[in-house]
>>> print(open('my_file01.txt').read())   # compact mmCIF, C-alpha atoms
# COMPACT_ATOMS: atom_id res chain seq x y z
CA GLU A 178 10.26 -30.67 -138.91
CA ALA A 179 11.74 -27.22 -138.28
CA GLN A 180 13.97 -27.44 -135.25
CA VAL A 181 17.10 -26.50 -133.39
CA THR A 182 19.04 -29.57 -132.29
CA GLN A 183 21.56 -29.52 -129.47
CA ASN A 184 23.81 -32.32 -128.32
CA PRO A 185 24.36 -33.70 -125.83
CA ARG A 186 21.29 -33.24 -123.58
CA TYR A 187 23.28 -33.99 -120.46
CA LEU A 188 27.01 -33.71 -119.86
CA ILE A 189 29.08 -34.23 -116.73
CA THR A 190 32.73 -33.32 -116.96
CA VAL A 191 35.68 -32.30 -114.83
CA THR A 192 37.39 -28.96 -114.46
CA GLY A 193 39.75 -28.19 -117.33
CA LYS A 194 38.60 -30.84 -119.78
CA LYS A 195 37.71 -29.20 -123.07
CA LEU A 196 34.20 -29.83 -124.35
CA THR A 197 31.99 -28.84 -127.25
CA VAL A 198 28.21 -28.57 -127.31
CA THR A 199 26.86 -28.80 -130.81
CA CYS A 200 23.92 -26.86 -132.23
CA SER A 201 22.31 -27.27 -135.61
CA GLN A 202 19.24 -25.68 -137.19
CA ASN A 203 17.40 -26.72 -140.33
CA MET A 204 15.47 -23.50 -140.95
CA ASN A 205 18.15 -21.66 -142.96
CA HIS A 206 18.28 -19.00 -140.24
CA GLU A 207 21.06 -16.47 -140.38
CA TYR A 208 21.00 -15.54 -136.69
CA MET A 209 22.06 -18.02 -134.02
CA SER A 210 22.78 -17.54 -130.35
CA TRP A 211 23.80 -19.33 -127.16
CA TYR A 212 22.26 -18.68 -123.75
CA ARG A 213 22.77 -20.02 -120.27
CA GLN A 214 19.95 -20.38 -117.79
CA ASP A 215 20.61 -20.37 -114.07
CA PRO A 216 18.10 -20.66 -111.20
CA GLY A 217 16.39 -17.38 -110.46
CA LEU A 218 17.93 -15.65 -113.43
CA GLY A 219 16.66 -15.04 -116.91
CA LEU A 220 18.38 -16.38 -119.98
CA ARG A 221 21.73 -14.69 -120.43
CA GLN A 222 23.32 -14.44 -123.82
CA ILE A 223 26.81 -15.88 -124.21
CA TYR A 224 27.58 -15.36 -127.88
CA TYR A 225 25.61 -14.70 -131.01
CA SER A 226 26.17 -14.85 -134.74
CA MET A 227 24.45 -12.71 -137.34
CA ASN A 228 25.74 -14.85 -140.22
CA VAL A 229 28.47 -17.23 -141.32
CA GLU A 230 31.89 -16.18 -140.04
CA VAL A 231 30.36 -13.35 -137.98
CA THR A 232 30.25 -13.83 -134.22
CA ASP A 233 29.92 -11.38 -131.32
CA LYS A 234 30.05 -11.48 -127.56
CA GLY A 235 26.86 -11.43 -125.57
CA ASP A 236 26.51 -10.53 -121.92
CA VAL A 237 28.51 -13.40 -120.40
CA PRO A 238 31.15 -14.55 -122.94
CA GLU A 239 34.04 -15.23 -120.55
CA GLY A 240 35.22 -18.84 -120.70
CA TYR A 241 33.38 -19.65 -123.92
CA LYS A 242 34.18 -19.75 -127.60
CA VAL A 243 32.00 -20.22 -130.66
CA SER A 244 32.45 -20.69 -134.36
CA ARG A 245 30.16 -20.28 -137.35
CA LYS A 246 31.77 -21.97 -140.32
CA GLU A 247 28.46 -23.05 -141.78
CA LYS A 248 25.03 -21.48 -141.65
CA ARG A 249 23.35 -24.39 -139.94
CA ASN A 250 25.91 -25.09 -137.17
CA PHE A 251 26.96 -23.01 -134.19
CA PRO A 252 28.99 -25.02 -131.67
CA LEU A 253 29.76 -23.75 -128.18
CA ILE A 254 33.25 -24.54 -126.94
CA LEU A 255 34.48 -24.54 -123.37
CA GLU A 256 38.27 -24.74 -123.59
CA SER A 257 38.81 -25.16 -119.86
CA PRO A 258 35.49 -25.60 -118.05
CA SER A 259 35.13 -24.49 -114.46
CA PRO A 260 32.43 -25.28 -111.88
CA ASN A 261 30.82 -21.84 -112.33
CA GLN A 262 29.96 -22.90 -115.86
CA THR A 263 27.61 -25.54 -114.52
CA SER A 264 24.34 -24.47 -116.06
CA LEU A 265 21.56 -25.22 -118.51
CA TYR A 266 22.53 -24.08 -121.99
CA PHE A 267 20.23 -23.23 -124.87
CA CYS A 268 20.98 -22.64 -128.49
CA ALA A 269 18.54 -20.53 -130.48
CA SER A 270 18.07 -19.30 -134.01
CA ARG A 271 15.83 -16.85 -135.79
CA GLY A 272 15.05 -15.84 -139.32
CA LEU A 273 13.84 -12.46 -140.56
CA GLY A 274 11.43 -11.93 -137.69
CA GLU A 275 12.08 -11.56 -133.99
CA LYS A 276 10.87 -14.99 -132.93
CA LEU A 277 13.64 -17.11 -131.47
CA PHE A 278 13.49 -20.88 -131.85
CA PHE A 279 15.21 -22.71 -129.03
CA GLY A 280 16.79 -26.12 -128.76
CA SER A 281 15.88 -28.53 -125.97
CA GLY A 282 18.83 -27.56 -123.83
CA THR A 283 22.07 -29.07 -122.57
CA GLN A 284 22.47 -29.56 -118.84
CA LEU A 285 26.18 -29.24 -118.06
CA SER A 286 27.78 -30.14 -114.75
CA VAL A 287 31.44 -29.30 -114.20
CA LEU A 288 32.94 -31.08 -111.20
CA GLY B 19 4.26 -11.21 -110.65
CA GLU B 20 7.66 -11.27 -112.29
CA SER B 21 10.34 -8.66 -112.50
CA VAL B 22 13.22 -9.11 -114.85
CA GLY B 23 16.21 -10.78 -113.24
CA LEU B 24 15.01 -11.74 -109.74
CA HIS B 25 13.09 -14.57 -108.04
CA LEU B 26 10.81 -17.14 -109.62
CA PRO B 27 7.28 -16.66 -108.26
CA THR B 28 4.62 -19.31 -108.50
CA LEU B 29 1.04 -18.92 -109.66
CA SER B 30 -1.37 -21.67 -108.71
CA VAL B 31 -4.48 -21.80 -110.90
CA GLN B 32 -7.46 -24.09 -110.90
CA GLU B 33 -8.17 -25.89 -114.13
CA GLY B 34 -10.70 -23.94 -116.16
CA ASP B 35 -9.92 -20.60 -114.55
CA ASN B 36 -8.16 -17.76 -116.29
CA SER B 37 -4.47 -17.11 -115.51
CA ILE B 38 -2.80 -13.74 -115.43
CA ILE B 39 0.99 -13.63 -115.43
CA ASN B 40 2.68 -10.30 -114.88
CA CYS B 41 5.99 -8.88 -115.97
CA ALA B 42 7.54 -5.57 -115.01
CA TYR B 43 10.10 -4.43 -117.52
CA SER B 44 12.84 -1.93 -116.95
CA ASN B 45 13.68 -0.16 -120.18
CA SER B 46 11.32 2.58 -121.29
CA ALA B 47 12.99 2.44 -124.71
CA SER B 48 11.97 -1.20 -125.26
CA ASP B 49 9.98 -1.52 -128.45
CA TYR B 50 9.14 -5.20 -128.62
CA PHE B 51 8.03 -7.80 -126.10
CA ILE B 52 7.67 -11.57 -126.22
CA TRP B 53 6.21 -14.25 -123.99
CA TYR B 54 7.75 -17.70 -123.87
CA LYS B 55 6.56 -20.93 -122.26
CA GLN B 56 9.08 -23.40 -120.92
CA GLU B 57 7.92 -26.86 -119.91
CA SER B 58 10.05 -29.01 -117.67
CA GLY B 59 12.99 -30.47 -119.58
CA LYS B 60 12.27 -28.51 -122.74
CA GLY B 61 13.45 -25.37 -124.43
CA PRO B 62 11.41 -22.16 -124.40
CA GLN B 63 8.57 -21.98 -126.89
CA PHE B 64 7.23 -18.76 -128.37
CA ILE B 65 3.68 -17.91 -127.27
CA ILE B 66 2.89 -14.39 -128.41
CA ASP B 67 4.57 -11.06 -129.05
CA ILE B 68 3.59 -7.41 -129.10
CA ARG B 69 5.17 -4.22 -130.36
CA SER B 70 5.25 -1.05 -128.36
CA ASN B 71 2.80 0.70 -130.68
CA MET B 72 0.08 -1.69 -129.49
CA ASP B 73 -1.49 -2.19 -126.09
CA LYS B 74 -3.22 -5.50 -126.66
CA ARG B 75 -2.80 -8.53 -128.84
CA GLN B 76 -4.75 -11.76 -128.86
CA GLY B 77 -3.82 -15.26 -129.85
CA GLN B 78 -5.43 -18.61 -129.35
CA ARG B 79 -6.54 -18.61 -125.67
CA VAL B 80 -3.85 -16.04 -124.86
CA THR B 81 -3.88 -12.27 -124.66
CA VAL B 82 -0.94 -9.98 -124.03
CA LEU B 83 -1.50 -6.53 -122.56
CA LEU B 84 1.10 -3.79 -122.58
CA ASN B 85 0.99 -0.74 -120.34
CA LYS B 86 3.89 1.48 -121.29
CA THR B 87 3.02 4.11 -118.71
CA VAL B 88 3.91 1.81 -115.85
CA LYS B 89 6.21 -0.50 -117.86
CA HIS B 90 4.05 -3.53 -117.29
CA LEU B 91 3.29 -6.51 -119.47
CA SER B 92 0.81 -9.28 -118.74
CA LEU B 93 -0.12 -12.59 -120.28
CA GLN B 94 -3.66 -13.84 -119.85
CA ILE B 95 -4.47 -17.49 -120.48
CA ALA B 96 -8.14 -18.31 -120.83
CA ALA B 97 -9.59 -21.55 -119.46
CA THR B 98 -6.28 -22.82 -118.12
CA GLN B 99 -5.57 -26.47 -118.82
CA PRO B 100 -3.15 -28.97 -117.23
CA GLY B 101 -0.94 -28.64 -120.30
CA ASP B 102 -0.44 -24.97 -119.44
CA SER B 103 1.66 -25.90 -116.40
CA ALA B 104 5.09 -24.47 -117.15
CA VAL B 105 7.40 -21.54 -116.52
CA TYR B 106 6.36 -18.45 -118.42
CA PHE B 107 8.78 -15.62 -119.01
CA CYS B 108 8.74 -12.35 -120.82
CA ALA B 109 11.48 -10.73 -122.83
CA GLU B 110 11.91 -7.11 -123.83
CA ARG B 111 13.92 -5.71 -126.69
CA GLY B 112 15.63 -2.48 -125.83
CA TRP B 113 18.36 -0.83 -127.91
CA GLY B 114 18.26 -3.86 -130.21
CA LYS B 115 19.01 -6.29 -127.42
CA LEU B 116 16.68 -8.94 -126.01
CA GLN B 117 16.55 -9.20 -122.18
CA PHE B 118 14.77 -12.10 -120.52
CA GLY B 119 12.98 -12.23 -117.22
CA ALA B 120 13.46 -15.16 -114.85
CA GLY B 121 9.90 -16.38 -115.21
CA THR B 122 6.78 -17.35 -113.30
CA GLN B 123 5.98 -20.96 -112.51
CA VAL B 124 2.35 -21.72 -113.31
CA VAL B 125 0.87 -24.75 -111.59
CA VAL B 126 -2.55 -25.92 -112.74
CA THR B 127 -4.53 -27.78 -110.11
CA PRO B 128 -7.52 -30.04 -110.85
>>> encode(input="my_file01.txt", output="structure tokens")
Amino acid sequence: EAQVTQNPRYLITVTGKKLTVTCSQNMNHEYMSWYRQDPGLGLRQIYYSMNVEVTDKGDVPEGYKVSRKEKRNFPLILESPSPNQTSLYFCASRGLGEKLFFGSGTQLSVL
Amino acid sequence: GESVGLHLPTLSVQEGDNSIINCAYSNSASDYFIWYKQESGKGPQFIIDIRSNMDKRQGQRVTVLLNKTVKHLSLQIAATQPGDSAVYFCAERGWGKLQFGAGTQVVVTP
């Protein structure tokens, strides 16, 4: 089944403790992206990647890192999480068209 | 209706009725628009899209209308079913960048 898989689904951590949210897609898509979703706001792009080893900042990149060593994986790294990074995170990918395929989300709470 | 980036309005619809969800977009240069459905606890799912050279597009039980004059997009769902209960949000692509609205919560009542 074609899908974008994120892990974990839920994560509670403390301020300053490094964490990684993994994202994997099995559709051979070149484009991958991370978004955060906060109440009352639309999805906001954190980082995106047009292809392997190519990453760019989105609208809200501060406090986040990404890497794209392989086509299928695009992990999101929070080196030193802070409470304002408590949010619902989505990974997405797309192929040649414009349609984005989203993962099921990761609910992160930073205490 | 919905405007990109603000509150989350709610639309209550009786089962079997038609739903109309509105979206006001901001960028007159936007050339592509998408509607997504997000059910509770799930990621957004693509519903339908439309390019700016069209004013109407139909899918299965859904129709998207685009009025570029007033920068308005709407999603019509025919014969709304309980499974249509979700948050619906539009996205516009302007200057190559996709911007998402906050969404409209649709509640289907029996």
>>> closest_residue(input="my_file01.txt", among="B:Asp49, B:Glu110, B:Asp73, B:Glu33", to="Ile95 (chain B)", atoms="only C-alpha atoms")
B:Glu33
>>> closest_residue(input="my_file01.txt", among="B:Arg111, B:Asp67, B:Gln123, B:Thr98", to="Gln32 (chain B)", atoms="only C-alpha atoms")
B:Thr98
>>> interface_residues(input="my_file01.txt", of="chain B", to="chain A", cutoff="12 Å", atoms="only C-alpha atoms", output="number ranges by chain")
B: 20-27, 49-69, 105-111, 114-123
>>> residues_around(input="my_file01.txt", residues="Met72 (chain B)", least_positions_apart="6", cutoff="10 Å", atoms="all atoms listed in the file", output="PyMOL selection string")
chain B and resi 49-50+82-86
>>> atom_distance(input="my_file01.txt", atom1="CA of Gly112 (chain B)", atom2="CA of Thr232 (chain A)")
20.3 Å
>>> atom_distance(input="my_file01.txt", atom1="CA of Pro252 (chain A)", atom2="CA of Ser226 (chain A)")
11.0 Å
>>> residues_near_point(input="my_file01.txt", point="(39.3, -29.0, -110.4)", cutoff="10 Å", atoms="all atoms listed in the file", output="VMD selection string")
chain A and resid 191 to 194 258 to 260 287 to 288
>>> closest_residue(input="my_file01.txt", among="B:Val80, B:Asn71, B:Trp113, B:Val88", to="Cys41 (chain B)", atoms="only C-alpha atoms")
B:Val88
>>> residues_around(input="my_file01.txt", residues="Thr197 (chain A)", least_positions_apart="6", cutoff="8 Å", atoms="only C-alpha atoms", output="JSON list (two decimals) with C-alpha atoms, keeping the file's coordinate frame")
[["chain", "number", "residue", "atom", "x", "y", "z"],
["A", 252, "PRO", "CA", 28.99, -25.02, -131.67],
["A", 253, "LEU", "CA", 29.76, -23.75, -128.18],
["A", 254, "ILE", "CA", 33.25, -24.54, -126.94],
["A", 255, "LEU", "CA", 34.48, -24.54, -123.37]]
>>> residues_around(input="my_file01.txt", residues="Arg79 (chain B)", least_positions_apart="6", cutoff="12 Å", atoms="all atoms listed in the file", output="PDB file with C-alpha atoms, in the frame of the given file")
ATOM      1  CA  GLY B  34     -10.700 -23.940-116.160  1.00  0.00           C
ATOM      2  CA  ASP B  35      -9.920 -20.600-114.550  1.00  0.00           C
ATOM      3  CA  ASN B  36      -8.160 -17.760-116.290  1.00  0.00           C
ATOM      4  CA  SER B  37      -4.470 -17.110-115.510  1.00  0.00           C
ATOM      5  CA  ILE B  38      -2.800 -13.740-115.430  1.00  0.00           C
ATOM      6  CA  ILE B  65       3.680 -17.910-127.270  1.00  0.00           C
ATOM      7  CA  ILE B  66       2.890 -14.390-128.410  1.00  0.00           C
ATOM      8  CA  LEU B  93      -0.120 -12.590-120.280  1.00  0.00           C
ATOM      9  CA  GLN B  94      -3.660 -13.840-119.850  1.00  0.00           C
ATOM     10  CA  ILE B  95      -4.470 -17.490-120.480  1.00  0.00           C
ATOM     11  CA  ALA B  96      -8.140 -18.310-120.830  1.00  0.00           C
ATOM     12  CA  ALA B  97      -9.590 -21.550-119.460  1.00  0.00           C
ATOM     13  CA  THR B  98      -6.280 -22.820-118.120  1.00  0.00           C
ATOM     14  CA  GLN B  99      -5.570 -26.470-118.820  1.00  0.00           C
ATOM     15  CA  ASP B 102      -0.440 -24.970-119.440  1.00  0.00           C
TER      16      ASP B 102
END
>>> atom_distance(input="my_file01.txt", atom1="CA of Tyr224 (chain A)", atom2="CA of Val237 (chain A)")
7.8 Å
>>> build_atoms(input="my_file01.txt", residues="region 241-255 of chain A", atoms="N, CA, C and O atoms", output="mmCIF file, keeping the file's coordinate frame")
data_model
loop_
_atom_site.group_PDB
_atom_site.id
_atom_site.type_symbol
_atom_site.label_atom_id
_atom_site.label_comp_id
_atom_site.auth_asym_id
_atom_site.auth_seq_id
_atom_site.Cartn_x
_atom_site.Cartn_y
_atom_site.Cartn_z
ATOM 1 N N TYR A 241 34.040 -18.967 -122.801
ATOM 2 C CA TYR A 241 33.380 -19.650 -123.920
ATOM 3 C C TYR A 241 33.964 -19.194 -125.255
ATOM 4 O O TYR A 241 34.468 -18.090 -125.370
ATOM 5 N N LYS A 242 33.854 -20.078 -126.229
ATOM 6 C CA LYS A 242 34.180 -19.750 -127.600
ATOM 7 C C LYS A 242 33.093 -20.299 -128.494
ATOM 8 O O LYS A 242 32.407 -21.277 -128.127
ATOM 9 N N VAL A 243 32.947 -19.711 -129.673
ATOM 10 C CA VAL A 243 32.000 -20.220 -130.660
ATOM 11 C C VAL A 243 32.651 -20.146 -132.032
ATOM 12 O O VAL A 243 33.680 -19.494 -132.211
ATOM 13 N N SER A 244 32.029 -20.824 -132.966
ATOM 14 C CA SER A 244 32.450 -20.690 -134.360
ATOM 15 C C SER A 244 31.217 -20.810 -135.243
ATOM 16 O O SER A 244 30.222 -21.433 -134.875
ATOM 17 N N ARG A 245 31.304 -20.210 -136.415
ATOM 18 C CA ARG A 245 30.160 -20.280 -137.350
ATOM 19 C C ARG A 245 30.742 -20.448 -138.751
ATOM 20 O O ARG A 245 30.802 -19.539 -139.565
ATOM 21 N N LYS A 246 31.170 -21.657 -139.022
ATOM 22 C CA LYS A 246 31.770 -21.970 -140.320
ATOM 23 C C LYS A 246 30.701 -22.276 -141.362
ATOM 24 O O LYS A 246 30.921 -22.124 -142.571
ATOM 25 N N GLU A 247 29.567 -22.757 -140.885
ATOM 26 C CA GLU A 247 28.460 -23.050 -141.780
ATOM 27 C C GLU A 247 27.209 -22.401 -141.217
ATOM 28 O O GLU A 247 27.100 -22.198 -140.011
ATOM 29 N N LYS A 248 26.242 -22.152 -142.070
ATOM 30 C CA LYS A 248 25.030 -21.480 -141.650
ATOM 31 C C LYS A 248 24.249 -22.285 -140.612
ATOM 32 O O LYS A 248 23.677 -21.734 -139.675
ATOM 33 N N ARG A 249 24.208 -23.590 -140.785
ATOM 34 C CA ARG A 249 23.350 -24.390 -139.940
ATOM 35 C C ARG A 249 23.949 -24.727 -138.573
ATOM 36 O O ARG A 249 23.229 -25.086 -137.643
ATOM 37 N N ASN A 250 25.256 -24.626 -138.402
ATOM 38 C CA ASN A 250 25.910 -25.090 -137.170
ATOM 39 C C ASN A 250 26.541 -23.953 -136.373
ATOM 40 O O ASN A 250 27.184 -23.050 -136.949
ATOM 41 N N PHE A 251 26.410 -24.048 -135.057
ATOM 42 C CA PHE A 251 26.960 -23.010 -134.190
ATOM 43 C C PHE A 251 27.404 -23.662 -132.881
ATOM 44 O O PHE A 251 26.730 -23.583 -131.854
ATOM 45 N N PRO A 252 28.540 -24.319 -132.880
ATOM 46 C CA PRO A 252 28.990 -25.020 -131.670
ATOM 47 C C PRO A 252 29.486 -24.074 -130.581
ATOM 48 O O PRO A 252 30.052 -23.010 -130.876
ATOM 49 N N LEU A 253 29.268 -24.488 -129.350
ATOM 50 C CA LEU A 253 29.760 -23.750 -128.180
ATOM 51 C C LEU A 253 30.920 -24.550 -127.596
ATOM 52 O O LEU A 253 30.774 -25.735 -127.317
ATOM 53 N N ILE A 254 32.032 -23.877 -127.398
ATOM 54 C CA ILE A 254 33.250 -24.540 -126.940
ATOM 55 C C ILE A 254 33.670 -23.986 -125.587
ATOM 56 O O ILE A 254 33.751 -22.764 -125.413
ATOM 57 N N LEU A 255 33.919 -24.918 -124.662
ATOM 58 C CA LEU A 255 34.480 -24.540 -123.370
ATOM 59 C C LEU A 255 35.887 -25.126 -123.337
ATOM 60 O O LEU A 255 36.069 -26.325 -123.200
#
